[in-house]
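As stored in protein_10.cif (mmCIF, N, CA and C atoms):
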data_data
loop_
_atom_site.label_atom_id
_atom_site.label_comp_id
_atom_site.auth_asym_id
_atom_site.auth_seq_id
_atom_site.Cartn_x
_atom_site.Cartn_y
_atom_site.Cartn_z
N MET Z 622 5.54 -120.05 90.79
CA MET Z 622 5.27 -121.38 90.28
C MET Z 622 6.44 -121.87 89.44
N SER Z 623 7.11 -121.00 88.70
CA SER Z 623 8.18 -121.47 87.83
C SER Z 623 9.30 -122.16 88.60
N LYS Z 624 9.46 -121.86 89.88
CA LYS Z 624 10.48 -122.52 90.68
C LYS Z 624 10.17 -123.99 90.87
N GLU Z 625 8.89 -124.35 90.76
CA GLU Z 625 8.48 -125.74 90.95
C GLU Z 625 8.62 -126.57 89.68
N LEU Z 626 8.63 -125.91 88.54
CA LEU Z 626 8.65 -126.62 87.26
C LEU Z 626 10.08 -126.90 86.82
N PRO Z 627 10.32 -128.05 86.22
CA PRO Z 627 11.68 -128.39 85.77
C PRO Z 627 12.08 -127.58 84.54
N PHE Z 628 13.39 -127.37 84.39
CA PHE Z 628 13.89 -126.68 83.20
C PHE Z 628 13.95 -127.62 82.00
N ALA Z 629 14.21 -128.89 82.24
CA ALA Z 629 14.32 -129.86 81.14
C ALA Z 629 12.94 -130.36 80.74
N GLY Z 630 12.86 -131.03 79.61
CA GLY Z 630 11.60 -131.60 79.15
C GLY Z 630 11.06 -132.64 80.12
N ALA Z 631 9.74 -132.66 80.25
CA ALA Z 631 9.09 -133.62 81.15
C ALA Z 631 7.70 -133.93 80.62
N PRO Z 632 7.21 -135.15 80.84
CA PRO Z 632 5.84 -135.47 80.45
C PRO Z 632 4.87 -134.57 81.21
N ALA Z 633 3.85 -134.12 80.52
CA ALA Z 633 2.84 -133.26 81.14
C ALA Z 633 1.46 -133.75 80.75
N VAL Z 634 0.51 -133.53 81.64
CA VAL Z 634 -0.89 -133.90 81.40
C VAL Z 634 -1.74 -132.67 81.65
N LEU Z 635 -2.61 -132.35 80.70
CA LEU Z 635 -3.59 -131.28 80.87
C LEU Z 635 -4.94 -131.93 81.07
N SER Z 636 -5.66 -131.55 82.12
CA SER Z 636 -6.99 -132.11 82.41
C SER Z 636 -8.03 -131.01 82.27
N TYR Z 637 -9.08 -131.31 81.50
CA TYR Z 637 -10.17 -130.35 81.33
C TYR Z 637 -11.42 -131.11 80.90
N GLY Z 638 -12.53 -130.80 81.52
CA GLY Z 638 -13.81 -131.38 81.11
C GLY Z 638 -13.85 -132.89 81.18
N GLY Z 639 -13.14 -133.49 82.13
CA GLY Z 639 -13.14 -134.94 82.27
C GLY Z 639 -12.23 -135.66 81.28
N LYS Z 640 -11.49 -134.91 80.47
CA LYS Z 640 -10.56 -135.51 79.51
C LYS Z 640 -9.13 -135.12 79.87
N LYS Z 641 -8.18 -135.88 79.31
CA LYS Z 641 -6.76 -135.61 79.55
C LYS Z 641 -6.00 -135.61 78.24
N TRP Z 642 -5.00 -134.74 78.15
CA TRP Z 642 -4.13 -134.66 76.99
C TRP Z 642 -2.70 -134.80 77.48
N ASN Z 643 -1.95 -135.67 76.83
CA ASN Z 643 -0.54 -135.89 77.16
C ASN Z 643 0.33 -135.05 76.24
N LEU Z 644 1.20 -134.27 76.84
CA LEU Z 644 2.11 -133.41 76.10
C LEU Z 644 3.51 -133.56 76.69
N ILE Z 645 4.43 -132.86 76.10
CA ILE Z 645 5.76 -132.74 76.67
C ILE Z 645 5.95 -131.28 77.05
N TYR Z 646 6.34 -131.05 78.28
CA TYR Z 646 6.63 -129.70 78.77
C TYR Z 646 8.12 -129.46 78.62
N GLY Z 647 8.49 -128.32 78.08
CA GLY Z 647 9.89 -127.96 77.95
C GLY Z 647 10.13 -126.61 78.58
N GLY Z 648 11.17 -126.49 79.32
CA GLY Z 648 11.45 -125.23 79.98
C GLY Z 648 12.87 -124.77 79.75
N ALA Z 649 13.04 -123.49 79.90
CA ALA Z 649 14.35 -122.86 79.89
C ALA Z 649 14.29 -121.80 80.98
N LYS Z 650 15.36 -121.09 81.20
CA LYS Z 650 15.36 -120.14 82.31
C LYS Z 650 14.30 -119.05 82.17
N THR Z 651 13.98 -118.67 80.96
CA THR Z 651 13.00 -117.58 80.78
C THR Z 651 11.83 -117.97 79.90
N LYS Z 652 11.77 -119.21 79.45
CA LYS Z 652 10.74 -119.59 78.48
C LYS Z 652 10.21 -120.98 78.82
N TYR Z 653 8.89 -121.09 78.87
CA TYR Z 653 8.25 -122.37 79.16
C TYR Z 653 7.24 -122.65 78.07
N LYS Z 654 7.18 -123.90 77.59
CA LYS Z 654 6.24 -124.20 76.51
C LYS Z 654 5.87 -125.68 76.53
N PHE Z 655 4.80 -125.99 75.78
CA PHE Z 655 4.37 -127.37 75.58
C PHE Z 655 4.75 -127.80 74.17
N SER Z 656 4.76 -129.12 73.96
CA SER Z 656 5.08 -129.68 72.65
C SER Z 656 4.00 -129.33 71.62
N THR Z 657 4.21 -129.79 70.41
CA THR Z 657 3.25 -129.52 69.34
C THR Z 657 1.89 -130.15 69.60
N ARG Z 658 1.79 -131.05 70.56
CA ARG Z 658 0.48 -131.61 70.89
C ARG Z 658 -0.43 -130.56 71.53
N TRP Z 659 0.13 -129.41 71.85
CA TRP Z 659 -0.68 -128.31 72.36
C TRP Z 659 -1.79 -127.98 71.37
N LYS Z 660 -1.48 -128.03 70.08
CA LYS Z 660 -2.48 -127.72 69.05
C LYS Z 660 -3.67 -128.66 69.16
N THR Z 661 -3.44 -129.92 69.46
CA THR Z 661 -4.54 -130.87 69.63
C THR Z 661 -5.44 -130.44 70.77
N PHE Z 662 -4.85 -130.05 71.90
CA PHE Z 662 -5.64 -129.56 73.04
C PHE Z 662 -6.45 -128.33 72.62
N ALA Z 663 -5.79 -127.39 71.95
CA ALA Z 663 -6.47 -126.16 71.53
C ALA Z 663 -7.61 -126.46 70.56
N ASP Z 664 -7.37 -127.33 69.59
CA ASP Z 664 -8.41 -127.69 68.62
C ASP Z 664 -9.56 -128.45 69.28
N ASP Z 665 -9.24 -129.41 70.14
CA ASP Z 665 -10.27 -130.21 70.81
C ASP Z 665 -11.19 -129.36 71.67
N ASN Z 666 -10.67 -128.24 72.16
CA ASN Z 666 -11.44 -127.37 73.05
C ASN Z 666 -11.88 -126.07 72.38
N ASN Z 667 -11.74 -126.03 71.06
CA ASN Z 667 -12.18 -124.87 70.27
C ASN Z 667 -11.67 -123.55 70.83
N LEU Z 668 -10.39 -123.52 71.20
CA LEU Z 668 -9.83 -122.28 71.71
C LEU Z 668 -9.79 -121.23 70.62
N LYS Z 669 -10.16 -120.03 70.99
CA LYS Z 669 -10.20 -118.91 70.04
C LYS Z 669 -9.41 -117.74 70.63
N GLU Z 670 -9.02 -116.82 69.76
CA GLU Z 670 -8.38 -115.60 70.21
C GLU Z 670 -9.31 -114.89 71.18
N GLY Z 671 -8.79 -114.46 72.29
CA GLY Z 671 -9.60 -113.81 73.31
C GLY Z 671 -9.94 -114.71 74.48
N ASP Z 672 -9.82 -116.03 74.30
CA ASP Z 672 -10.05 -116.96 75.40
C ASP Z 672 -8.86 -116.88 76.37
N GLY Z 673 -9.14 -117.12 77.63
CA GLY Z 673 -8.09 -117.14 78.64
C GLY Z 673 -8.02 -118.52 79.27
N LEU Z 674 -6.84 -118.91 79.70
CA LEU Z 674 -6.68 -120.21 80.37
C LEU Z 674 -6.05 -120.01 81.73
N VAL Z 675 -6.53 -120.79 82.69
CA VAL Z 675 -5.95 -120.83 84.02
C VAL Z 675 -5.33 -122.21 84.18
N PHE Z 676 -4.05 -122.26 84.50
CA PHE Z 676 -3.33 -123.52 84.71
C PHE Z 676 -3.14 -123.72 86.20
N GLU Z 677 -3.78 -124.72 86.76
CA GLU Z 677 -3.61 -125.05 88.18
C GLU Z 677 -2.67 -126.25 88.27
N LEU Z 678 -1.51 -126.03 88.85
CA LEU Z 678 -0.53 -127.10 88.99
C LEU Z 678 -1.02 -128.07 90.05
N SER Z 679 -1.39 -129.28 89.64
CA SER Z 679 -1.94 -130.25 90.59
C SER Z 679 -0.95 -131.35 90.96
N GLU Z 680 0.07 -131.55 90.14
CA GLU Z 680 1.11 -132.55 90.45
C GLU Z 680 2.39 -132.14 89.74
N CYS Z 681 3.49 -132.27 90.44
CA CYS Z 681 4.78 -131.95 89.83
C CYS Z 681 5.85 -132.80 90.49
N ASN Z 682 6.35 -133.77 89.74
CA ASN Z 682 7.45 -134.60 90.22
C ASN Z 682 8.31 -134.98 89.03
N SER Z 683 9.29 -135.80 89.23
CA SER Z 683 10.21 -136.14 88.14
C SER Z 683 9.56 -136.98 87.05
N ASP Z 684 8.41 -137.60 87.35
CA ASP Z 684 7.73 -138.45 86.38
C ASP Z 684 6.69 -137.73 85.54
N LYS Z 685 6.09 -136.67 86.12
CA LYS Z 685 4.96 -136.05 85.44
C LYS Z 685 4.64 -134.69 86.05
N ILE Z 686 4.18 -133.79 85.17
CA ILE Z 686 3.61 -132.52 85.59
C ILE Z 686 2.16 -132.55 85.17
N GLU Z 687 1.26 -132.25 86.09
CA GLU Z 687 -0.16 -132.27 85.73
C GLU Z 687 -0.80 -130.93 86.06
N PHE Z 688 -1.58 -130.43 85.09
CA PHE Z 688 -2.31 -129.18 85.25
C PHE Z 688 -3.79 -129.43 85.09
N LYS Z 689 -4.59 -128.83 85.97
CA LYS Z 689 -6.04 -128.75 85.77
C LYS Z 689 -6.27 -127.42 85.07
N ILE Z 690 -7.03 -127.46 83.99
CA ILE Z 690 -7.23 -126.27 83.16
C ILE Z 690 -8.63 -125.72 83.35
N GLN Z 691 -8.73 -124.40 83.39
CA GLN Z 691 -10.01 -123.71 83.31
C GLN Z 691 -9.95 -122.84 82.06
N ILE Z 692 -11.01 -122.84 81.28
CA ILE Z 692 -11.05 -122.01 80.08
C ILE Z 692 -12.06 -120.90 80.30
N LEU Z 693 -11.60 -119.67 80.11
CA LEU Z 693 -12.45 -118.49 80.20
C LEU Z 693 -12.67 -118.02 78.77
N ARG Z 694 -13.87 -118.18 78.30
CA ARG Z 694 -14.18 -117.82 76.91
C ARG Z 694 -14.17 -116.31 76.73
N GLU Z 695 -14.03 -115.87 75.49
CA GLU Z 695 -13.93 -114.44 75.22
C GLU Z 695 -15.15 -113.66 75.70
N ASP Z 696 -16.27 -114.34 75.92
CA ASP Z 696 -17.46 -113.65 76.39
C ASP Z 696 -17.54 -113.62 77.92
N PHE Z 697 -16.44 -114.01 78.60
CA PHE Z 697 -16.39 -113.97 80.06
C PHE Z 697 -16.59 -112.52 80.49
N PRO Z 698 -17.49 -112.26 81.43
CA PRO Z 698 -17.78 -110.87 81.82
C PRO Z 698 -16.55 -110.14 82.35
N ALA Z 699 -16.20 -109.04 81.72
CA ALA Z 699 -15.03 -108.26 82.11
C ALA Z 699 -15.13 -107.76 83.54
N LYS Z 700 -16.34 -107.54 84.03
CA LYS Z 700 -16.49 -107.02 85.40
C LYS Z 700 -16.03 -108.04 86.45
N LEU Z 701 -15.89 -109.31 86.07
CA LEU Z 701 -15.42 -110.33 87.00
C LEU Z 701 -13.91 -110.48 87.00
N VAL Z 702 -13.25 -109.87 86.05
CA VAL Z 702 -11.80 -109.95 85.94
C VAL Z 702 -11.20 -108.70 86.56
N PRO Z 703 -10.32 -108.86 87.59
CA PRO Z 703 -9.74 -107.67 88.24
C PRO Z 703 -8.81 -106.91 87.32
#
What does this structure look like when you write it as structure tokens?
Amino acid sequence: MSKELPFAGAPAVLSYGGKKWNLIYGGAKTKYKFSTRWKTFADDNNLKEGDGLVFELSECNSDKIEFKIQILREDFPAKLVP
């Protein structure tokens, strides 16, 4: 997937639960991250230590990167995780 993502900063949208959050995605050759607006997404969705996130890349072009997010809460049954 990293081959599809740009190395330079780009607008990004995270979609979860019918809502969207606008962030800035920044990449480097070995490091990928979101802007400080990531904290807003984490707070709005009550992310806690032990939660897992699945990022599904749904759009990637020069104008925008969009991810559909799935949140796996810490109580997600371990027997379902390979």
- Query: Got a sec: who's within 8 Å of Val675 (chain Z), counting only C-alpha atoms, leaving out chain neighbours fewer than 5 positions off, as a list in words?
  - Reply: Ile690, Gln691, Ile692 and Leu693 of chain Z
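Between atom N of Lys685 (chain Z) and atom C of Ala663 (chain Z) there is a distance of 23.1 Å.
What separates atom N of Glu680 (chain Z) from atom C of Ser656 (chain Z) is a distance of 19.1 Å.
What the PyMOL selection byres ((chain Z and resi 689) around 8) grabs from this file is Val634, Leu635, Ser636, Tyr637, Gly638, Val675, Phe676, Glu677, Leu678, Ser679, Glu680, Ile686, Glu687, Phe688, Ile690, Gln691 and Ile692 of chain Z.
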- Message: If DSSP is run on the backbone, what residues of region 625-688 of chain Z are strand (DSSP E or B)? A reply as JSON, numbers by chain would be ideal.
- Response: {"Z": [631, 632, 633, 634, 635, 636, 637, 640, 641, 642, 643, 644, 645, 646, 647, 648, 653, 654, 655, 673, 674, 675, 676, 677, 678, 679, 680, 681, 686, 687, 688]}
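Distance-wise, CA of Tyr646 (chain Z) and CA of Arg694 (chain Z) end up 24.0 Å apart.
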- Message: Using DSSP assignments from the backbone, pull out every residue in region 647-694 of chain Z that falls under helix (DSSP H, G or I) and give it to me as a list in words.
- Response: Trp659, Lys660, Thr661, Phe662, Ala663, Asp664 and Asp665 of chain Z
- Any chance you could work out the residue set of the PyMOL selection byres ((chain Z and resi 643) around 5) here, as a ChimeraX atom specification? /Z:633-634,641-642,644-645
Keeping only N, CA and C atoms, take the residues you just selected and write them out as a PDB file, in the coordinates of the input.
ATOM      1  N   ALA Z 633       3.850-134.120  80.520  1.00  0.00           N
ATOM      2  CA  ALA Z 633       2.840-133.260  81.140  1.00  0.00           C
ATOM      3  C   ALA Z 633       1.460-133.750  80.750  1.00  0.00           C
ATOM      4  N   VAL Z 634       0.510-133.530  81.640  1.00  0.00           N
ATOM      5  CA  VAL Z 634      -0.890-133.900  81.400  1.00  0.00           C
ATOM      6  C   VAL Z 634      -1.740-132.670  81.650  1.00  0.00           C
ATOM      7  N   LYS Z 641      -8.180-135.880  79.310  1.00  0.00           N
ATOM      8  CA  LYS Z 641      -6.760-135.610  79.550  1.00  0.00           C
ATOM      9  C   LYS Z 641      -6.000-135.610  78.240  1.00  0.00           C
ATOM     10  N   TRP Z 642      -5.000-134.740  78.150  1.00  0.00           N
ATOM     11  CA  TRP Z 642      -4.130-134.660  76.990  1.00  0.00           C
ATOM     12  C   TRP Z 642      -2.700-134.800  77.480  1.00  0.00           C
ATOM     13  N   LEU Z 644       1.200-134.270  76.840  1.00  0.00           N
ATOM     14  CA  LEU Z 644       2.110-133.410  76.100  1.00  0.00           C
ATOM     15  C   LEU Z 644       3.510-133.560  76.690  1.00  0.00           C
ATOM     16  N   ILE Z 645       4.430-132.860  76.100  1.00  0.00           N
ATOM     17  CA  ILE Z 645       5.760-132.740  76.670  1.00  0.00           C
ATOM     18  C   ILE Z 645       5.950-131.280  77.050  1.00  0.00           C
TER      19      ILE Z 645
END
